[in-house]
$ cat target.pdb   # PDB, C-alpha atoms
MODEL        1
ATOM      1  CA  VAL A 569     305.027 -84.954  28.713  1.00  0.00           C
ATOM      2  CA  ALA A 570     307.443 -83.365  31.182  1.00  0.00           C
ATOM      3  CA  GLY A 571     308.619 -85.153  34.307  1.00  0.00           C
ATOM      4  CA  VAL A 572     310.727 -88.109  35.242  1.00  0.00           C
ATOM      5  CA  GLY A 573     310.289 -91.826  35.808  1.00  0.00           C
ATOM      6  CA  PRO A 574     307.458 -94.213  34.956  1.00  0.00           C
ATOM      7  CA  ARG A 575     304.828 -91.482  34.776  1.00  0.00           C
ATOM      8  CA  ARG A 576     306.858 -89.677  32.100  1.00  0.00           C
ATOM      9  CA  SER A 577     307.401 -92.832  30.047  1.00  0.00           C
ATOM     10  CA  THR A 578     303.676 -93.655  30.202  1.00  0.00           C
ATOM     11  CA  ALA A 579     302.819 -90.140  29.013  1.00  0.00           C
ATOM     12  CA  LEU A 580     305.433 -90.427  26.270  1.00  0.00           C
ATOM     13  CA  ALA A 581     303.985 -93.768  25.141  1.00  0.00           C
ATOM     14  CA  ARG A 582     300.500 -92.225  25.051  1.00  0.00           C
ATOM     15  CA  ALA A 583     301.790 -89.244  23.077  1.00  0.00           C
ATOM     16  CA  VAL A 584     303.530 -91.509  20.554  1.00  0.00           C
ATOM     17  CA  ALA A 585     300.418 -93.697  20.192  1.00  0.00           C
ATOM     18  CA  LEU A 586     298.202 -90.633  19.742  1.00  0.00           C
ATOM     19  CA  GLY A 587     300.602 -89.145  17.195  1.00  0.00           C
ATOM     20  CA  ALA A 588     300.772 -92.406  15.247  1.00  0.00           C
ATOM     21  CA  ALA A 589     296.996 -92.935  15.240  1.00  0.00           C
ATOM     22  CA  VAL A 590     296.075 -89.349  14.363  1.00  0.00           C
ATOM     23  CA  GLY A 591     298.939 -89.108  11.862  1.00  0.00           C
ATOM     24  CA  PHE A 592     297.795 -92.265  10.082  1.00  0.00           C
ATOM     25  CA  TYR A 593     294.191 -91.027  10.012  1.00  0.00           C
ATOM     26  CA  ASP A 594     295.289 -87.603   8.738  1.00  0.00           C
ATOM     27  CA  GLY A 595     297.363 -89.177   5.984  1.00  0.00           C
ATOM     28  CA  VAL A 596     294.618 -91.548   4.831  1.00  0.00           C
ATOM     29  CA  LEU A 597     291.481 -89.403   5.263  1.00  0.00           C
ATOM     30  CA  GLY A 598     292.186 -86.044   6.905  1.00  0.00           C
ATOM     31  CA  PRO A 599     288.905 -84.320   7.830  1.00  0.00           C
ATOM     32  CA  GLY A 600     288.407 -83.917  11.560  1.00  0.00           C
ATOM     33  CA  THR A 601     292.055 -84.463  12.450  1.00  0.00           C
ATOM     34  CA  GLY A 602     292.115 -81.444  14.762  1.00  0.00           C
ATOM     35  CA  THR A 603     289.021 -82.691  16.573  1.00  0.00           C
ATOM     36  CA  PHE A 604     290.535 -86.129  17.143  1.00  0.00           C
ATOM     37  CA  LEU A 605     293.818 -84.591  18.222  1.00  0.00           C
ATOM     38  CA  ILE A 606     292.130 -82.284  20.744  1.00  0.00           C
ATOM     39  CA  LEU A 607     290.125 -85.201  22.119  1.00  0.00           C
ATOM     40  CA  GLY A 608     293.263 -87.332  22.461  1.00  0.00           C
ATOM     41  CA  LEU A 609     295.305 -84.560  24.061  1.00  0.00           C
ATOM     42  CA  VAL A 610     292.558 -83.895  26.611  1.00  0.00           C
ATOM     43  CA  LEU A 611     291.755 -87.532  27.429  1.00  0.00           C
ATOM     44  CA  LEU A 612     295.166 -89.188  27.140  1.00  0.00           C
ATOM     45  CA  LEU A 613     297.625 -86.439  28.031  1.00  0.00           C
ATOM     46  CA  LYS A 614     295.432 -84.346  30.351  1.00  0.00           C
ATOM     47  CA  PHE A 615     295.798 -81.096  28.394  1.00  0.00           C
ATOM     48  CA  ASP A 616     293.160 -78.445  29.025  1.00  0.00           C
ATOM     49  CA  PHE A 617     291.074 -77.447  26.006  1.00  0.00           C
ATOM     50  CA  LEU A 618     292.955 -74.179  25.449  1.00  0.00           C
ATOM     51  CA  HIS A 619     296.371 -75.835  25.204  1.00  0.00           C
ATOM     52  CA  ALA A 620     295.032 -78.874  23.327  1.00  0.00           C
ATOM     53  CA  SER A 621     293.429 -76.606  20.745  1.00  0.00           C
ATOM     54  CA  ALA A 622     296.627 -74.589  20.335  1.00  0.00           C
ATOM     55  CA  GLN A 623     298.712 -77.748  19.948  1.00  0.00           C
ATOM     56  CA  ALA A 624     296.259 -79.160  17.400  1.00  0.00           C
ATOM     57  CA  LYS A 625     296.657 -76.007  15.294  1.00  0.00           C
ATOM     58  CA  VAL A 626     300.440 -76.439  15.224  1.00  0.00           C
ATOM     59  CA  VAL A 627     300.166 -80.117  14.265  1.00  0.00           C
ATOM     60  CA  ASN A 628     297.583 -79.349  11.557  1.00  0.00           C
ATOM     61  CA  LEU A 629     299.847 -76.660  10.117  1.00  0.00           C
ATOM     62  CA  ALA A 630     302.759 -79.106   9.974  1.00  0.00           C
ATOM     63  CA  THR A 631     300.729 -81.848   8.293  1.00  0.00           C
ATOM     64  CA  ASN A 632     299.216 -79.373   5.825  1.00  0.00           C
ATOM     65  CA  LEU A 633     302.693 -78.147   4.875  1.00  0.00           C
ATOM     66  CA  GLY A 634     303.713 -81.764   4.337  1.00  0.00           C
ATOM     67  CA  ALA A 635     300.702 -82.327   2.094  1.00  0.00           C
ATOM     68  CA  LEU A 636     301.530 -79.184   0.122  1.00  0.00           C
ATOM     69  CA  ALA A 637     305.115 -80.362  -0.334  1.00  0.00           C
ATOM     70  CA  TYR A 638     303.707 -83.461  -2.016  1.00  0.00           C
ATOM     71  CA  PHE A 639     300.702 -82.150  -3.941  1.00  0.00           C
ATOM     72  CA  VAL A 640     302.043 -78.853  -5.347  1.00  0.00           C
ATOM     73  CA  PRO A 641     304.975 -80.373  -7.294  1.00  0.00           C
ATOM     74  CA  SER A 642     302.732 -83.161  -8.587  1.00  0.00           C
ATOM     75  CA  GLY A 643     300.248 -80.584  -9.917  1.00  0.00           C
ATOM     76  CA  HIS A 644     297.315 -81.715  -7.786  1.00  0.00           C
ATOM     77  CA  ALA A 645     296.805 -78.489  -5.804  1.00  0.00           C
ATOM     78  CA  VAL A 646     294.320 -75.764  -6.783  1.00  0.00           C
ATOM     79  CA  LEU A 647     296.500 -72.881  -5.644  1.00  0.00           C
ATOM     80  CA  GLY A 648     294.033 -70.002  -6.120  1.00  0.00           C
ATOM     81  CA  LEU A 649     291.333 -71.658  -4.060  1.00  0.00           C
ATOM     82  CA  GLY A 650     293.897 -72.871  -1.536  1.00  0.00           C
ATOM     83  CA  LEU A 651     295.255 -69.350  -1.003  1.00  0.00           C
ATOM     84  CA  LEU A 652     291.727 -67.992  -0.541  1.00  0.00           C
ATOM     85  CA  LEU A 653     290.874 -70.718   1.977  1.00  0.00           C
ATOM     86  CA  GLY A 654     294.233 -70.214   3.698  1.00  0.00           C
ATOM     87  CA  ALA A 655     293.546 -66.486   4.115  1.00  0.00           C
ATOM     88  CA  ALA A 656     290.103 -67.225   5.575  1.00  0.00           C
ATOM     89  CA  ASN A 657     291.685 -69.796   7.897  1.00  0.00           C
ATOM     90  CA  LEU A 658     294.247 -67.225   9.102  1.00  0.00           C
ATOM     91  CA  MET A 659     291.512 -64.682   9.833  1.00  0.00           C
ATOM     92  CA  GLY A 660     289.370 -67.260  11.627  1.00  0.00           C
ATOM     93  CA  GLY A 661     292.386 -68.488  13.568  1.00  0.00           C
ATOM     94  CA  TYR A 662     293.232 -64.963  14.672  1.00  0.00           C
ATOM     95  CA  VAL A 663     289.688 -64.248  15.866  1.00  0.00           C
ATOM     96  CA  GLY A 664     289.370 -67.696  17.471  1.00  0.00           C
ATOM     97  CA  ALA A 665     292.711 -67.432  19.274  1.00  0.00           C
ATOM     98  CA  ARG A 666     291.811 -64.029  20.718  1.00  0.00           C
ATOM     99  CA  MET A 667     288.435 -65.361  21.894  1.00  0.00           C
ATOM    100  CA  ALA A 668     289.995 -68.500  23.364  1.00  0.00           C
ATOM    101  CA  ILE A 669     292.612 -66.556  25.299  1.00  0.00           C
ATOM    102  CA  ALA A 670     290.071 -63.991  26.492  1.00  0.00           C
ATOM    103  CA  ARG A 671     287.395 -66.503  27.529  1.00  0.00           C
ATOM    104  CA  GLY A 672     289.512 -69.483  28.566  1.00  0.00           C
ATOM    105  CA  THR A 673     289.315 -73.230  28.443  1.00  0.00           C
ATOM    106  CA  GLY A 674     285.669 -73.451  29.567  1.00  0.00           C
ATOM    107  CA  PHE A 675     284.575 -71.486  26.520  1.00  0.00           C
ATOM    108  CA  ILE A 676     286.587 -73.736  24.212  1.00  0.00           C
ATOM    109  CA  ARG A 677     285.132 -76.856  25.827  1.00  0.00           C
ATOM    110  CA  VAL A 678     281.569 -75.638  25.247  1.00  0.00           C
ATOM    111  CA  VAL A 679     282.218 -74.632  21.623  1.00  0.00           C
ATOM    112  CA  TYR A 680     284.069 -77.899  20.968  1.00  0.00           C
ATOM    113  CA  LEU A 681     281.219 -80.005  22.367  1.00  0.00           C
ATOM    114  CA  MET A 682     278.623 -78.022  20.400  1.00  0.00           C
ATOM    115  CA  VAL A 683     280.538 -78.501  17.138  1.00  0.00           C
ATOM    116  CA  VAL A 684     281.105 -82.218  17.754  1.00  0.00           C
ATOM    117  CA  THR A 685     277.419 -82.678  18.632  1.00  0.00           C
ATOM    118  CA  ALA A 686     276.353 -80.849  15.458  1.00  0.00           C
ATOM    119  CA  LEU A 687     278.738 -83.001  13.420  1.00  0.00           C
ATOM    120  CA  ILE A 688     277.357 -86.215  14.939  1.00  0.00           C
ATOM    121  CA  VAL A 689     273.783 -85.108  14.191  1.00  0.00           C
ATOM    122  CA  LYS A 690     274.725 -84.162  10.596  1.00  0.00           C
ATOM    123  CA  VAL A 691     276.557 -87.424   9.899  1.00  0.00           C
ATOM    124  CA  GLY A 692     273.727 -89.398  11.521  1.00  0.00           C
ATOM    125  CA  ALA A 693     271.107 -87.607   9.427  1.00  0.00           C
ATOM    126  CA  ASP A 694     273.129 -88.131   6.236  1.00  0.00           C
ATOM    127  CA  THR A 695     273.543 -91.814   7.066  1.00  0.00           C
ATOM    128  CA  LEU A 696     269.882 -92.400   7.898  1.00  0.00           C
ATOM    129  CA  ALA A 697     268.393 -90.306   5.064  1.00  0.00           C
ATOM    130  CA  PRO A 698     268.670 -93.031   2.382  1.00  0.00           C
ATOM    131  CA  LEU A 699     267.107 -95.568   4.746  1.00  0.00           C
ATOM    132  CA  LEU A 700     264.098 -93.344   5.441  1.00  0.00           C
ATOM    133  CA  ARG A 701     263.186 -92.681   1.785  1.00  0.00           C
TER     134      ARG A 701
ENDMDL
END
$ encode --input "target.pdb" --output "structure tokens"
Amino acid sequence: VAGVGPRRSTALARAVALGAAVGFYDGVLGPGTGTFLILGLVLLLKFDFLHASAQAKVVNLATNLGALAYFVPSGHAVLGLGLLLGAANLMGGYVGARMAIARGTGFIRVVYLMVVTALIVKVGADTLAPLLR
């Protein structure tokens, strides 16, 4: 969002709108927030996939810490499972970051599109399954 003048204010408005929309979605539902954020950063703010993915990780970390600040004191967090999943997430993030940096934005774009396509097929199949019985 760097720069000066009308172009900067347009980019800032897009960034604020994206943050508000994704933040609201993350607060209400949550799953897929990183995917929506990457899509928005690429389409609205012209990030490449490498930088959009990195930024999405930072935003997800911040929102997850906010959720923990709420749910842990209220006793609604399963800490043992959360720590296990957090450790797996750290390992996956480390491996994924090294691959992304080594292979570049084209690699991330392909993986991203494959995952989104698989998710669309899965959700579509789950939605249609009751209708086809």
$ atom_distance --input "target.pdb" --atom1 "CA of Arg576 in chain A" --atom2 "CA of Leu611 in chain A"
16.0 Å
$ atom_distance --input "target.pdb" --atom1 "CA of Gly674 in chain A" --atom2 "CA of Leu586 in chain A"
23.4 Å
$ resolve_selection --input "target.pdb" --expression "the PyMOL selection byres ((chain A and resi 665-671) around 12)" --output "list in words"
Asp616, Phe617, Leu618, His619, Ala620, Ser621, Ala622, Gln623, Lys625, Asn657, Leu658, Met659, Gly660, Gly661, Tyr662, Val663, Gly664, Gly672, Thr673, Gly674, Phe675, Ile676, Arg677, Val678, Val679 and Tyr680 of chain A
$ atom_distance --input "target.pdb" --atom1 "CA of Asp594 in chain A" --atom2 "CA of Ile606 in chain A"
13.5 Å
$ axis_aligned_box --input "target.pdb" --around "range 667-682 of chain A" --padding-each-side "3 Å" --output "JSON"
{"center_x": 285.6, "center_y": -72.0, "center_z": 25.0, "size_x": 20.0, "size_y": 22.0, "size_z": 15.2}
$ resolve_selection --input "target.pdb" --expression "the PyMOL selection byres ((chain A and resi 612) around 10)" --output "list of chain:residue names"
A:Ala579, A:Arg582, A:Ala583, A:Ala585, A:Leu586, A:Ile606, A:Leu607, A:Gly608, A:Leu609, A:Val610, A:Leu611, A:Leu613, A:Lys614, A:Phe615
$ resolve_selection --input "target.pdb" --expression "the PyMOL selection byres ((chain A and resi 632) around 12)" --output "PyMOL selection string"
chain A and resi 591+594-595+598-599+601-602+624-631+633-640+645+650+654
$ decode --input "target.pdb" --residues "range 637-679 of chain A" --atoms "N, CA and C atoms" --output "compact mmCIF listing (two decimals), in the first residue's frame"
# COMPACT_ATOMS: atom_id res chain seq x y z
N ALA A 637 -6.75 -15.56 23.45
CA ALA A 637 -6.92 -14.62 24.56
C ALA A 637 -8.35 -14.64 25.08
N TYR A 638 -9.28 -14.96 24.24
CA TYR A 638 -10.69 -15.04 24.65
C TYR A 638 -11.04 -16.43 25.20
N PHE A 639 -10.68 -17.47 24.46
CA PHE A 639 -11.17 -18.81 24.79
C PHE A 639 -10.43 -19.48 25.94
N VAL A 640 -9.13 -19.23 26.12
CA VAL A 640 -8.41 -19.87 27.21
C VAL A 640 -8.95 -19.44 28.58
N PRO A 641 -9.06 -18.14 28.86
CA PRO A 641 -9.60 -17.75 30.17
C PRO A 641 -11.04 -18.22 30.42
N SER A 642 -11.81 -18.36 29.35
CA SER A 642 -13.20 -18.79 29.54
C SER A 642 -13.32 -20.31 29.63
N GLY A 643 -12.19 -21.02 29.52
CA GLY A 643 -12.19 -22.47 29.68
C GLY A 643 -12.68 -23.25 28.49
N HIS A 644 -12.72 -22.64 27.32
CA HIS A 644 -13.25 -23.32 26.13
C HIS A 644 -12.16 -23.81 25.17
N ALA A 645 -10.92 -23.85 25.62
CA ALA A 645 -9.83 -24.31 24.76
C ALA A 645 -9.34 -25.68 25.25
N VAL A 646 -9.11 -26.60 24.32
CA VAL A 646 -8.55 -27.91 24.64
C VAL A 646 -7.05 -27.77 24.42
N LEU A 647 -6.34 -27.42 25.50
CA LEU A 647 -4.94 -27.02 25.38
C LEU A 647 -4.03 -28.13 24.87
N GLY A 648 -4.20 -29.36 25.33
CA GLY A 648 -3.34 -30.45 24.88
C GLY A 648 -3.41 -30.66 23.38
N LEU A 649 -4.62 -30.75 22.88
CA LEU A 649 -4.82 -30.91 21.44
C LEU A 649 -4.33 -29.68 20.68
N GLY A 650 -4.61 -28.51 21.22
CA GLY A 650 -4.16 -27.27 20.59
C GLY A 650 -2.65 -27.19 20.48
N LEU A 651 -1.94 -27.60 21.52
CA LEU A 651 -0.47 -27.58 21.48
C LEU A 651 0.06 -28.57 20.45
N LEU A 652 -0.56 -29.74 20.37
CA LEU A 652 -0.16 -30.74 19.38
C LEU A 652 -0.38 -30.20 17.96
N LEU A 653 -1.56 -29.64 17.72
CA LEU A 653 -1.86 -29.08 16.40
C LEU A 653 -0.95 -27.88 16.10
N GLY A 654 -0.66 -27.08 17.11
CA GLY A 654 0.24 -25.94 16.93
C GLY A 654 1.64 -26.39 16.53
N ALA A 655 2.14 -27.46 17.16
CA ALA A 655 3.46 -27.98 16.82
C ALA A 655 3.47 -28.50 15.38
N ALA A 656 2.43 -29.21 14.99
CA ALA A 656 2.33 -29.70 13.61
C ALA A 656 2.26 -28.53 12.62
N ASN A 657 1.54 -27.48 13.00
CA ASN A 657 1.43 -26.29 12.16
C ASN A 657 2.79 -25.62 11.99
N LEU A 658 3.56 -25.53 13.08
CA LEU A 658 4.90 -24.94 13.01
C LEU A 658 5.81 -25.74 12.07
N MET A 659 5.76 -27.06 12.19
CA MET A 659 6.59 -27.90 11.32
C MET A 659 6.17 -27.76 9.86
N GLY A 660 4.86 -27.80 9.61
CA GLY A 660 4.37 -27.63 8.25
C GLY A 660 4.69 -26.25 7.70
N GLY A 661 4.59 -25.24 8.53
CA GLY A 661 4.93 -23.88 8.12
C GLY A 661 6.39 -23.74 7.76
N TYR A 662 7.25 -24.38 8.54
CA TYR A 662 8.69 -24.34 8.26
C TYR A 662 9.00 -24.99 6.92
N VAL A 663 8.47 -26.19 6.71
CA VAL A 663 8.70 -26.90 5.45
C VAL A 663 8.09 -26.12 4.28
N GLY A 664 6.86 -25.64 4.46
CA GLY A 664 6.19 -24.89 3.39
C GLY A 664 6.90 -23.60 3.05
N ALA A 665 7.39 -22.88 4.06
CA ALA A 665 8.10 -21.63 3.80
C ALA A 665 9.39 -21.88 3.04
N ARG A 666 10.12 -22.92 3.41
CA ARG A 666 11.36 -23.24 2.69
C ARG A 666 11.07 -23.61 1.23
N MET A 667 10.00 -24.39 1.01
CA MET A 667 9.63 -24.76 -0.36
C MET A 667 9.19 -23.53 -1.15
N ALA A 668 8.40 -22.67 -0.53
CA ALA A 668 7.90 -21.48 -1.21
C ALA A 668 9.04 -20.56 -1.62
N ILE A 669 9.99 -20.36 -0.72
CA ILE A 669 11.12 -19.48 -1.03
C ILE A 669 12.00 -20.12 -2.10
N ALA A 670 12.20 -21.42 -2.02
CA ALA A 670 13.05 -22.11 -2.99
C ALA A 670 12.42 -22.17 -4.38
N ARG A 671 11.11 -22.39 -4.44
CA ARG A 671 10.44 -22.60 -5.73
C ARG A 671 9.71 -21.39 -6.26
N GLY A 672 9.43 -20.41 -5.42
CA GLY A 672 8.86 -19.15 -5.90
C GLY A 672 7.35 -19.11 -6.00
N THR A 673 6.90 -17.97 -6.50
CA THR A 673 5.47 -17.66 -6.52
C THR A 673 4.68 -18.57 -7.47
N GLY A 674 5.30 -19.02 -8.55
CA GLY A 674 4.61 -19.91 -9.49
C GLY A 674 4.22 -21.23 -8.82
N PHE A 675 5.12 -21.75 -8.01
CA PHE A 675 4.85 -22.98 -7.27
C PHE A 675 3.68 -22.78 -6.32
N ILE A 676 3.69 -21.67 -5.60
CA ILE A 676 2.61 -21.40 -4.65
C ILE A 676 1.28 -21.26 -5.37
N ARG A 677 1.29 -20.59 -6.51
CA ARG A 677 0.05 -20.41 -7.28
C ARG A 677 -0.54 -21.77 -7.67
N VAL A 678 0.30 -22.67 -8.15
CA VAL A 678 -0.17 -23.99 -8.57
C VAL A 678 -0.72 -24.77 -7.38
N VAL A 679 0.01 -24.79 -6.28
CA VAL A 679 -0.46 -25.52 -5.08
C VAL A 679 -1.76 -24.90 -4.57
